[in-house]
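Below is one structure, written out as structure tokens; comments come after it.
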Amino acid sequence: MNKDGWPEGEAENVKCLIIGSGPAGYTAAIYAARANLSPVMYQGMEPGGQLTTTTEVENFPGYPSGITGPEMMEDLKKQAERFGTDVRWGMATKADLSKRPFKVAIDDKKVLEAETLIIATGATAKYLGLESEEKYKGSGVSACATCDGFFYKDKVVGVVGGGDTAAEEATYLAGLAKKVYLIVRKDYMRASKAMQKRVDNTKNIEILYEHNTKELYGDGVVEGAKLIYRKGQPDEKEVDIKIDGFFLAIGHTPNSKVFADYLTTDKEGYIITDSGSTKTNIPGVFASGDVQDKIYRQAVTAAGSGCQAALDAERFLGEQE
């Protein structure tokens, strides 16, 4: 490392650098490669993105029989490589976006200088941190009701959270599941009055106030949850609920920290882009997928914004000539 904290050695120059490898990153790579931008992609801390933790994907166009998340990501990777994308392991650990070419350090070992930068680092779902949560990921544990709710048609599910997202996920699932337990840690919901009213008016949602999740159990798949009612109080007790699915709705953390000193973000850290485009506040830097989208968070919308980012990058480079 030099005195400024950058890895020693000569920087590699690239025309289009893509950080992140979910549907947004791979789609950006496909379009950038076909436009002869010779993209170099670094897969990031979770190669393939959040979809690699999803067992079945049935709502992505073009897969009438469905496909597993890892298989879809492998298909997208092969397609990106077919057109010449240089896909590499590694994650961005430092960035200087103050001028072009933009400097990005990978794993604190290598420096790249990029004429254009596409950030597709996604967002990480917040989990409770339970061992059993990790055990049943993709086998009953999900952080996306829209993605996985269909698999719980006429079944019983639990949703953890007390904000608008939890209320929205619970009401969405109530349209599919036989029963929804909404597990709220406090004795009130943080959700807006309108969302609370929707929950209260949905007959098959039961709100469990002042309940904390202790653990999940089941033989290979989630079959139930052990909850603690009024944790730390004299009347504390353990409650057992039988459920087939467990949905986390306690928020996401956008993976934007390494770029946050230069890019405009909202209070949660989502990168702000110009309406109708993937342009950030820095010309030549584009953001796509869940790192800038906290509303839809779907594979197909991420892929669409990845396409936009590559087209925006191509046009930007064309204007510099």
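Letters for chains follow the order of the structure tokens (A, B, ...), residue numbers begin at 1 for each chain, and ligand numbers begin at 1 in the order shown.
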
Filtered DSSP result for segment 116-211 of chain A, state strand (DSSP E), as a PyMOL selection string: chain A and resi 116-119+123-125+141-142+156-160+179-183+205-208+211

Contacts of Asp107 of chain A at 12 Å (only C-alpha atoms; same-chain gap of 2+ positions) as an MDAnalysis selection string: chainID A and resid 1 6:7 42:45 88:95 104:105 109:112 258

Contacts between segment 161-166 of chain A and segment 56-146 of chain A, please, where a residue of segment 56-146 of chain A counts if it comes within 12 Å (with only C-alpha atoms); show its shortest atom pair and distance in Å to one decimal, rows by chain and ascending number, as JSON lines.
{"residue": "A:Lys126", "atom": "CA", "partner": "A:Gly161", "partner_atom": "CA", "distance": 10.8}
{"residue": "A:Tyr127", "atom": "CA", "partner": "A:Gly161", "partner_atom": "CA", "distance": 10.7}
{"residue": "A:Leu128", "atom": "CA", "partner": "A:Gly161", "partner_atom": "CA", "distance": 10.3}
{"residue": "A:Ala143", "atom": "CA", "partner": "A:Ala166", "partner_atom": "CA", "distance": 10.4}
{"residue": "A:Cys144", "atom": "CA", "partner": "A:Thr165", "partner_atom": "CA", "distance": 10.2}
{"residue": "A:Ala145", "atom": "CA", "partner": "A:Ala166", "partner_atom": "CA", "distance": 9.7}
{"residue": "A:Thr146", "atom": "CA", "partner": "A:Thr165", "partner_atom": "CA", "distance": 11.6}

Sort by chain and increasing residue number a table of all residues of segment 99-197 of chain A within 7 Å of segment 208-229 of chain A, each with its closest pair of atoms and their distance in Å to one decimal, counting only C-alpha atoms, and write it as a Markdown table.
| residue | atom | partner | partner_atom | distance |
| --- | --- | --- | --- | --- |
| A:Leu130 | CA | A:Glu215 | CA | 6.6 |
| A:Ser132 | CA | A:Leu216 | CA | 5.6 |
| A:Glu133 | CA | A:Leu216 | CA | 6.8 |
| A:Tyr136 | CA | A:Val221 | CA | 6.2 |
| A:Ser139 | CA | A:Val221 | CA | 5.0 |
| A:Gly140 | CA | A:Val222 | CA | 5.0 |
| A:Tyr181 | CA | A:Leu208 | CA | 6.8 |
| A:Leu182 | CA | A:Leu208 | CA | 5.9 |
| A:Ile183 | CA | A:Leu208 | CA | 5.0 |
| A:Val184 | CA | A:Tyr209 | CA | 4.9 |
| A:Arg185 | CA | A:Glu210 | CA | 4.7 |
| A:Lys186 | CA | A:Glu210 | CA | 4.7 |
| A:Asp187 | CA | A:Tyr209 | CA | 5.1 |
| A:Tyr188 | CA | A:Tyr209 | CA | 6.8 |

Selection: 12 Å around Lys15 of chain A, only C-alpha atoms, excl. self and same-chain fewer than 3 positions, as a CSV table (one decimal) with N, CA, C and O atoms, in the first residue's frame:
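To be explicit, this is the file written out as result-v8.csv:
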chain,number,residue,atom,x,y,z
A,12,GLU,N,-4.6,-1.0,-14.1
A,12,GLU,CA,-5.1,-1.5,-15.4
A,12,GLU,C,-6.1,-0.6,-15.9
A,12,GLU,O,-7.0,-0.2,-15.2
A,18,ILE,N,-17.6,-2.9,-14.4
A,18,ILE,CA,-18.9,-3.3,-13.8
A,18,ILE,C,-18.6,-3.9,-12.4
A,18,ILE,O,-17.8,-4.9,-12.4
A,32,ALA,N,-23.0,-4.2,-22.7
A,32,ALA,CA,-21.7,-3.4,-22.9
A,32,ALA,C,-20.8,-4.2,-23.8
A,32,ALA,O,-20.1,-3.6,-24.6
A,33,ALA,N,-20.8,-5.5,-23.6
A,33,ALA,CA,-19.9,-6.4,-24.5
A,33,ALA,C,-20.3,-6.3,-25.9
A,33,ALA,O,-19.5,-6.2,-26.9
A,35,ALA,N,-21.7,-3.9,-27.3
A,35,ALA,CA,-21.4,-2.6,-27.9
A,35,ALA,C,-19.9,-2.3,-28.0
A,35,ALA,O,-19.5,-1.2,-28.1
A,36,ASN,N,-19.1,-3.4,-27.8
A,36,ASN,CA,-17.7,-3.3,-27.9
A,36,ASN,C,-17.0,-2.4,-26.9
A,36,ASN,O,-16.1,-1.7,-27.1
A,37,LEU,N,-17.6,-2.4,-25.7
A,37,LEU,CA,-17.0,-1.6,-24.6
A,37,LEU,C,-16.0,-2.4,-23.8
A,37,LEU,O,-15.4,-1.9,-22.8
A,38,SER,N,-15.8,-3.7,-24.2
A,38,SER,CA,-14.8,-4.6,-23.5
A,38,SER,C,-15.0,-4.6,-22.0
A,38,SER,O,-14.0,-4.3,-21.3
A,39,PRO,N,-16.2,-4.9,-21.5
A,39,PRO,CA,-16.4,-4.7,-20.0
A,39,PRO,C,-15.6,-5.7,-19.2
A,39,PRO,O,-15.4,-6.9,-19.6
A,40,VAL,N,-15.1,-5.2,-18.1
A,40,VAL,CA,-14.5,-6.0,-17.0
A,40,VAL,C,-15.4,-6.0,-15.8
A,40,VAL,O,-15.9,-5.0,-15.4
A,41,MET,N,-15.8,-7.2,-15.4
A,41,MET,CA,-16.8,-7.3,-14.3
A,41,MET,C,-16.1,-8.0,-13.1
A,41,MET,O,-15.5,-9.0,-13.2
A,85,THR,N,-17.3,-10.5,-22.1
A,85,THR,CA,-17.1,-9.9,-20.8
A,85,THR,C,-16.0,-10.6,-20.0
A,85,THR,O,-16.0,-11.9,-20.0
A,86,ASP,N,-15.1,-9.9,-19.4
A,86,ASP,CA,-14.0,-10.5,-18.6
A,86,ASP,C,-14.6,-10.5,-17.2
A,86,ASP,O,-14.6,-9.5,-16.5
A,100,ARG,N,-12.1,11.4,-14.0
A,100,ARG,CA,-11.9,10.3,-14.9
A,100,ARG,C,-10.4,10.3,-15.3
A,100,ARG,O,-9.8,11.3,-15.5
A,101,PRO,N,-9.9,9.0,-15.5
A,101,PRO,CA,-10.6,7.8,-15.3
A,101,PRO,C,-10.8,7.5,-13.8
A,101,PRO,O,-10.0,8.0,-13.0
A,102,PHE,N,-11.9,6.8,-13.5
A,102,PHE,CA,-12.2,6.5,-12.1
A,102,PHE,C,-11.3,5.4,-11.6
A,102,PHE,O,-11.0,4.5,-12.2
A,112,LEU,N,-7.7,-0.5,-10.7
A,112,LEU,CA,-8.2,-0.3,-12.1
A,112,LEU,C,-8.6,1.1,-12.3
A,112,LEU,O,-9.1,1.8,-11.4
A,113,GLU,N,-8.3,1.6,-13.5
A,113,GLU,CA,-8.8,3.0,-13.9
A,113,GLU,C,-9.8,2.8,-15.0
A,113,GLU,O,-9.5,2.2,-16.1
A,114,ALA,N,-11.0,3.3,-14.8
A,114,ALA,CA,-12.1,3.0,-15.7
A,114,ALA,C,-12.6,4.3,-16.3
A,114,ALA,O,-12.8,5.3,-15.7
A,115,GLU,N,-12.9,4.2,-17.6
A,115,GLU,CA,-13.5,5.4,-18.4
A,115,GLU,C,-15.0,5.5,-18.0
A,115,GLU,O,-15.5,6.6,-17.9
A,116,THR,N,-15.6,4.4,-17.8
A,116,THR,CA,-17.0,4.4,-17.2
A,116,THR,C,-17.1,3.3,-16.2
A,116,THR,O,-16.4,2.3,-16.2
A,117,LEU,N,-18.0,3.6,-15.2
A,117,LEU,CA,-18.2,2.7,-14.1
A,117,LEU,C,-19.7,2.4,-13.9
A,117,LEU,O,-20.5,3.3,-13.8
A,118,ILE,N,-20.0,1.1,-13.9
A,118,ILE,CA,-21.4,0.7,-13.6
A,118,ILE,C,-21.4,0.0,-12.3
A,118,ILE,O,-20.8,-1.0,-12.1
A,284,GLY,N,-20.5,9.7,-16.1
A,284,GLY,CA,-19.7,8.5,-16.4
A,284,GLY,C,-19.8,7.4,-15.4
A,284,GLY,O,-19.3,6.3,-15.6
A,310,ALA,N,-25.8,0.1,-19.3
A,310,ALA,CA,-24.9,-0.2,-20.4
A,310,ALA,C,-25.1,0.8,-21.6
A,310,ALA,O,-24.2,1.3,-22.2
A,313,ALA,N,-23.9,4.2,-20.5
A,313,ALA,CA,-22.4,4.2,-20.6
A,313,ALA,C,-21.9,4.3,-22.0
A,313,ALA,O,-21.0,5.1,-22.3
A,314,GLU,N,-22.6,3.6,-22.9
A,314,GLU,CA,-22.2,3.6,-24.4
A,314,GLU,C,-22.4,5.1,-24.9
A,314,GLU,O,-21.5,5.6,-25.6
A,316,PHE,N,-22.5,7.8,-23.2
A,316,PHE,CA,-21.6,8.8,-22.6
A,316,PHE,C,-20.2,8.7,-23.2
A,316,PHE,O,-19.7,9.8,-23.5
A,317,LEU,N,-19.7,7.5,-23.5
A,317,LEU,CA,-18.4,7.4,-24.2
A,317,LEU,C,-18.5,8.0,-25.6
A,317,LEU,O,-17.5,8.6,-26.0
A,318,GLY,N,-19.6,7.8,-26.3
A,318,GLY,CA,-19.8,8.3,-27.6
A,318,GLY,C,-19.7,9.9,-27.6
A,318,GLY,O,-19.1,10.5,-28.5

Point-to-point distance from atom CA of Val159 of chain A to atom CA of Gly245 of chain A, Å rounded to tenths: 8.5 Å

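Of the residues under consideration (A:Glu238, A:Asp200, A:Glu169, A:Glu206), A:Glu169 shows the shortest atom-to-atom contact distance to Gly251 of chain A when counting only C-alpha atoms.
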
Per-residue DSSP, segment 163-247 of chain A, filtered to alpha helix (DSSP H), as an NGL selection string: :A and (164-174 or 193-200)

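Nearest to Leu51 of chain A of all the residues A:Ala249, A:Ile295, A:Cys147, A:Ala287 is A:Cys147, counting only C-alpha atoms.
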
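Between atom CA of Arg190 of chain A and atom CA of His252 of chain A the interatomic distance comes to 16.2 Å.
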
Shell of 8 Å around Val291 of chain A, only C-alpha atoms, local chain residues under 3 positions omitted, as a ChimeraX atom specification: /A:119-123,254-256,270-271,287-288,294

Coordinates-based distance that separates atom CA of Val87 of chain A from atom CA of Asn13 of chain A (Å, one decimal): 15.4 Å
